[in-house]
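So this block is run-v7.cif, mmCIF, C-alpha atoms:
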```cif
data_entry
loop_
_atom_site.group_PDB
_atom_site.id
_atom_site.type_symbol
_atom_site.label_atom_id
_atom_site.label_comp_id
_atom_site.auth_asym_id
_atom_site.auth_seq_id
_atom_site.Cartn_x
_atom_site.Cartn_y
_atom_site.Cartn_z
ATOM 1 C CA ARG A 1 150.710 130.894 79.709
ATOM 2 C CA GLY A 2 149.415 128.640 76.991
ATOM 3 C CA ASP A 3 146.189 128.611 75.102
ATOM 4 C CA ILE A 4 144.053 127.817 78.156
ATOM 5 C CA VAL A 5 144.688 131.380 79.379
ATOM 6 C CA ARG A 6 143.728 132.536 75.889
ATOM 7 C CA ALA A 7 140.584 130.407 76.156
ATOM 8 C CA GLY A 8 139.676 132.118 79.436
ATOM 9 C CA GLU A 9 140.271 135.538 77.901
ATOM 10 C CA THR A 10 138.096 134.610 74.917
ATOM 11 C CA LEU A 11 135.231 133.289 77.039
ATOM 12 C CA THR A 12 135.407 136.358 79.282
ATOM 13 C CA ALA A 13 135.288 138.705 76.296
ATOM 14 C CA LEU A 14 132.328 136.849 74.773
ATOM 15 C CA LEU A 15 130.362 136.896 78.018
ATOM 16 C CA ASN A 16 131.139 140.538 78.820
ATOM 17 C CA GLN A 17 130.826 142.026 75.341
ATOM 18 C CA LYS A 18 128.361 139.848 73.432
ATOM 19 C CA TYR A 19 126.033 138.820 76.253
ATOM 20 C CA GLY A 20 126.542 141.568 78.845
ATOM 21 C CA ILE A 21 127.370 139.028 81.543
ATOM 22 C CA LYS A 22 129.891 140.550 83.927
ATOM 23 C CA THR A 23 132.738 138.050 84.031
ATOM 24 C CA LEU A 24 136.070 137.883 85.826
ATOM 25 C CA HIS A 25 139.041 136.008 84.444
ATOM 26 C CA CYS A 26 141.928 134.900 86.608
ATOM 27 C CA ASP A 27 145.080 134.070 84.653
ATOM 28 C CA THR A 28 147.190 133.005 87.628
ATOM 29 C CA ILE A 29 149.164 129.881 86.769
ATOM 30 C CA HIS A 30 148.816 127.163 89.408
ATOM 31 C CA ASP A 31 149.940 124.194 87.346
ATOM 32 C CA TYR A 32 153.673 123.975 88.012
ATOM 33 C CA TYR A 33 156.012 121.698 89.967
ATOM 34 C CA PRO A 34 155.123 120.102 92.261
ATOM 35 C CA PHE A 35 152.003 119.496 90.188
ATOM 36 C CA ARG A 36 150.240 117.651 93.005
ATOM 37 C CA ASP A 37 149.941 121.016 94.786
ATOM 38 C CA ALA A 38 148.194 122.825 91.908
ATOM 39 C CA TYR A 39 144.766 122.606 93.536
ATOM 40 C CA LYS A 40 146.158 123.738 96.896
ATOM 41 C CA ARG A 41 147.564 126.803 95.166
ATOM 42 C CA SER A 42 144.388 127.469 93.206
ATOM 43 C CA GLU A 43 142.270 127.073 96.358
ATOM 44 C CA GLU A 44 143.918 130.167 97.802
ATOM 45 C CA THR A 45 143.213 132.097 94.609
ATOM 46 C CA VAL A 46 139.550 131.039 94.514
ATOM 47 C CA LYS A 47 139.098 131.938 98.186
ATOM 48 C CA LYS A 48 140.614 135.367 97.538
ATOM 49 C CA LEU A 49 138.393 135.981 94.500
ATOM 50 C CA LEU A 50 135.266 134.893 96.372
ATOM 51 C CA ALA A 51 136.161 137.193 99.274
ATOM 52 C CA GLU A 52 136.761 140.131 96.897
ATOM 53 C CA HIS A 53 133.624 139.362 94.836
ATOM 54 C CA PRO A 54 131.090 137.707 97.159
ATOM 55 C CA GLY A 55 128.312 137.944 94.555
ATOM 56 C CA LEU A 56 129.914 135.568 92.059
ATOM 57 C CA ASP A 57 127.184 133.347 90.612
ATOM 58 C CA ILE A 58 129.369 130.607 89.147
ATOM 59 C CA VAL A 59 132.992 129.464 89.186
ATOM 60 C CA LEU A 60 134.446 127.802 86.102
ATOM 61 C CA ASP A 61 137.804 126.038 85.948
ATOM 62 C CA LEU A 62 138.799 125.746 82.286
ATOM 63 C CA HIS A 63 140.930 122.828 81.074
ATOM 64 C CA ARG A 64 142.257 121.422 77.809
ATOM 65 C CA ASP A 65 143.212 117.941 78.994
ATOM 66 C CA ALA A 66 140.035 116.043 78.254
ATOM 67 C CA THR A 67 139.679 112.311 78.675
ATOM 68 C CA PRO A 68 141.984 110.420 76.304
ATOM 69 C CA GLY A 69 140.586 107.873 73.885
ATOM 70 C CA LEU A 70 137.494 109.877 72.988
ATOM 71 C CA ASN A 71 136.839 111.702 69.744
ATOM 72 C CA HIS A 72 136.926 115.351 70.759
ATOM 73 C CA LYS A 73 135.684 116.769 67.440
ATOM 74 C CA VAL A 74 132.053 117.402 66.545
ATOM 75 C CA PRO A 75 130.495 119.091 63.523
ATOM 76 C CA ILE A 76 128.050 121.854 64.446
ATOM 77 C CA LYS A 77 126.457 124.154 61.864
ATOM 78 C CA GLY A 78 129.104 123.386 59.252
ATOM 79 C CA LYS A 79 132.115 123.949 61.513
ATOM 80 C CA THR A 80 134.151 121.637 63.718
ATOM 81 C CA ALA A 81 133.977 122.231 67.459
ATOM 82 C CA ALA A 82 136.043 120.721 70.245
ATOM 83 C CA LYS A 83 133.783 118.608 72.416
ATOM 84 C CA ILE A 84 133.181 119.690 75.979
ATOM 85 C CA ILE A 85 133.267 117.607 79.145
ATOM 86 C CA LEU A 86 131.985 118.872 82.478
ATOM 87 C CA VAL A 87 133.734 117.516 85.570
ATOM 88 C CA VAL A 88 132.205 117.589 89.029
ATOM 89 C CA GLY A 89 134.153 116.657 92.133
ATOM 90 C CA SER A 90 132.838 114.789 95.135
ATOM 91 C CA ASP A 91 133.982 113.804 98.603
ATOM 92 C CA ARG A 92 134.914 110.225 97.721
ATOM 93 C CA LEU A 93 138.640 110.761 98.410
ATOM 94 C CA GLY A 94 137.800 111.847 101.955
ATOM 95 C CA LEU A 95 138.128 115.625 101.726
ATOM 96 C CA PRO A 96 135.035 117.426 103.037
ATOM 97 C CA HIS A 97 132.610 118.397 100.283
ATOM 98 C CA PRO A 98 129.190 117.755 101.815
ATOM 99 C CA GLU A 99 127.258 119.712 99.202
ATOM 100 C CA TRP A 100 128.871 118.384 96.022
ATOM 101 C CA GLU A 101 125.409 117.505 94.740
ATOM 102 C CA LYS A 102 124.773 121.233 94.176
ATOM 103 C CA ASN A 103 127.715 121.358 91.771
ATOM 104 C CA TYR A 104 126.357 118.243 90.088
ATOM 105 C CA GLN A 105 122.913 119.859 89.719
ATOM 106 C CA PHE A 106 124.567 122.946 88.224
ATOM 107 C CA ALA A 107 126.527 120.818 85.743
ATOM 108 C CA ASN A 108 123.361 118.947 84.781
ATOM 109 C CA ALA A 109 121.543 122.243 84.200
ATOM 110 C CA LEU A 110 124.386 123.407 81.916
ATOM 111 C CA LEU A 111 124.372 120.067 80.119
ATOM 112 C CA GLU A 112 120.617 120.267 79.592
ATOM 113 C CA VAL A 113 120.968 123.685 77.951
ATOM 114 C CA MET A 114 123.961 122.505 75.913
ATOM 115 C CA ASP A 115 122.152 119.397 74.688
ATOM 116 C CA HIS A 116 119.125 121.503 73.747
ATOM 117 C CA LEU A 117 121.088 124.151 71.836
ATOM 118 C CA TYR A 118 123.881 121.982 70.423
ATOM 119 C CA PRO A 119 123.294 118.228 70.631
ATOM 120 C CA ASN A 120 126.558 116.273 70.804
ATOM 121 C CA LEU A 121 128.678 119.289 71.783
ATOM 122 C CA ALA A 122 129.233 117.676 75.177
ATOM 123 C CA HIS A 123 130.508 114.240 76.048
ATOM 124 C CA GLY A 124 128.597 114.658 79.293
ATOM 125 C CA ILE A 125 129.535 114.909 82.941
ATOM 126 C CA ILE A 126 132.292 113.070 84.761
ATOM 127 C CA LEU A 127 131.642 112.642 88.476
ATOM 128 C CA ALA A 128 135.126 112.483 89.971
ATOM 129 C CA GLU A 129 136.444 111.403 93.355
ATOM 130 C CA ALA A 130 138.486 114.542 94.093
ATOM 131 C CA ARG A 131 136.747 117.804 94.991
ATOM 132 C CA TYR A 132 138.767 120.208 92.764
ATOM 133 C CA ASN A 133 138.029 123.202 95.030
ATOM 134 C CA GLN A 134 134.373 122.951 94.091
ATOM 135 C CA HIS A 135 133.551 122.846 97.796
ATOM 136 C CA LEU A 136 134.128 126.617 97.793
ATOM 137 C CA HIS A 137 131.058 127.460 95.686
ATOM 138 C CA PRO A 138 127.752 125.652 95.005
ATOM 139 C CA ARG A 139 127.909 126.328 91.251
ATOM 140 C CA SER A 140 131.455 125.378 90.384
ATOM 141 C CA VAL A 141 132.515 123.035 87.603
ATOM 142 C CA ILE A 142 135.527 122.099 85.507
ATOM 143 C CA VAL A 143 134.914 122.645 81.798
ATOM 144 C CA GLU A 144 137.250 120.747 79.485
ATOM 145 C CA PHE A 145 137.467 122.050 75.925
ATOM 146 C CA GLY A 146 138.780 119.343 73.633
ATOM 147 C CA ASP A 147 142.184 117.815 74.150
ATOM 148 C CA ASP A 148 145.802 118.381 73.147
ATOM 149 C CA GLN A 149 144.912 117.434 69.554
ATOM 150 C CA SER A 150 142.180 120.075 69.261
ATOM 151 C CA THR A 151 143.049 123.101 67.169
ATOM 152 C CA TRP A 152 142.647 126.622 68.482
ATOM 153 C CA GLU A 153 139.896 127.178 65.898
ATOM 154 C CA GLU A 154 137.936 124.196 67.240
ATOM 155 C CA VAL A 155 138.335 125.374 70.832
ATOM 156 C CA ALA A 156 137.469 128.983 69.953
ATOM 157 C CA TYR A 157 134.270 127.800 68.256
ATOM 158 C CA SER A 158 133.376 125.732 71.329
ATOM 159 C CA LEU A 159 133.962 128.782 73.496
ATOM 160 C CA GLU A 160 131.478 130.736 71.347
ATOM 161 C CA LEU A 161 128.908 127.974 71.706
ATOM 162 C CA PHE A 162 129.530 127.603 75.438
ATOM 163 C CA ALA A 163 129.146 131.351 75.977
ATOM 164 C CA GLU A 164 125.695 131.067 74.416
ATOM 165 C CA VAL A 165 124.963 128.100 76.691
ATOM 166 C CA LEU A 166 125.870 130.181 79.744
ATOM 167 C CA ALA A 167 123.816 133.148 78.537
ATOM 168 C CA THR A 168 120.830 130.854 78.007
ATOM 169 C CA TYR A 169 121.333 129.276 81.434
ATOM 170 C CA PHE A 170 121.290 132.717 83.060
ATOM 171 C CA SER A 171 118.193 133.788 81.126
ATOM 172 C CA GLN A 172 116.080 130.817 82.133
ATOM 173 C CA ALA A 173 113.007 131.673 84.187
ATOM 174 C CA SER A 174 113.717 128.744 86.494
ATOM 175 C CA TYR A 175 117.217 130.035 87.240
ATOM 176 C CA SER A 176 117.553 131.209 90.820
ATOM 177 C CA MET A 177 120.497 132.068 93.023
#
```

Output the structure of this file as structure tokens.
Amino acid sequence: RGDIVRAGETLTALLNQKYGIKTLHCDTIHDYYPFRDAYKRSEETVKKLLAEHPGLDIVLDLHRDATPGLNHKVPIKGKTAAKIILVVGSDRLGLPHPEWEKNYQFANALLEVMDHLYPNLAHGIILAEARYNQHLHPRSVIVEFGDDQSTWEEVAYSLELFAEVLATYFSQASYSM
């Protein structure tokens, strides 16, 4: 239960309290040995949550293991934020995910808002070969906040900014479920 659970708690609190966006946070740990089964384990959790809460608008999978070799720090309004990367899975590894383009459209919509509000906060979108359980919901994306060198303060600031991005996304007139 490292700081990624804390990041989820922080984002949930911001969305619920500051923006009035009803948000669920699952703190179940799926990333343990054998690590190759982490997404199999998390698939069961996501299915359960979707069954219990069929009206969920989006599904976010928070990570802190961003792409190595990139600078994951960015100055925004006089403070340093951890850069964000959005990751969208596809069906290129052979697992069924026929509507992955919907996740990609969702990620692009988030990126558009992010780039408008906070240019350079995001590295962009990685289109990956694995599906990362995103086949379970049409607006599902991995959100990577910085890397293992990012401080909690940098990540917490990025969470604040990202909460505003989500609130703006939801408030857009063109937004439709």

Expanded to explicit residues, what is the PyMOL selection byres ((chain A and resi 99) around 12) for this file, as a ChimeraX atom specification?
/A:88-91,95-98,100-106,131,134-140

I need the output of the PyMOL selection byres ((chain A and resi 58) around 12) for this file as an NGL selection string; which residues are they?
:A and (21-24 or 46 or 49-50 or 53-57 or 59-61 or 102-103 or 106-107 or 110 or 134 or 136-142 or 166 or 169-170 or 176-177)

If we count only C-alpha atoms, what is near Lys18 (chain A) at a cut-off of 10 Å, once residues fewer than 3 positions away on the same chain are taken out, given as an MDAnalysis selection string?
chainID A and resid 12:15 21 160 163:164 167

Pull out every residue that the PyMOL selection byres ((chain A and resi 149) around 12) matches in the shown coordinates and put them as number ranges by chain.
A: 64-73, 82-83, 145-148, 150-155

Could you put an axis-aligned box around every listed atom of region 63-71 of chain A, padded by 5 Å on each side, and send me its centre and edge lengths in Å to one decimal, as lines of an AutoDock Vina configuration file?
```
center_x = 140.0
center_y = 115.4
center_z = 75.4
size_x = 16.4
size_y = 25.0
size_z = 21.3
```

Distance CA of Val113 (chain A)-CA of Glu144 (chain A), one decimal place?
16.6 Å

Between CA of Tyr118 (chain A) and CA of Ile76 (chain A) - distance in Å to one decimal
7.3 Å
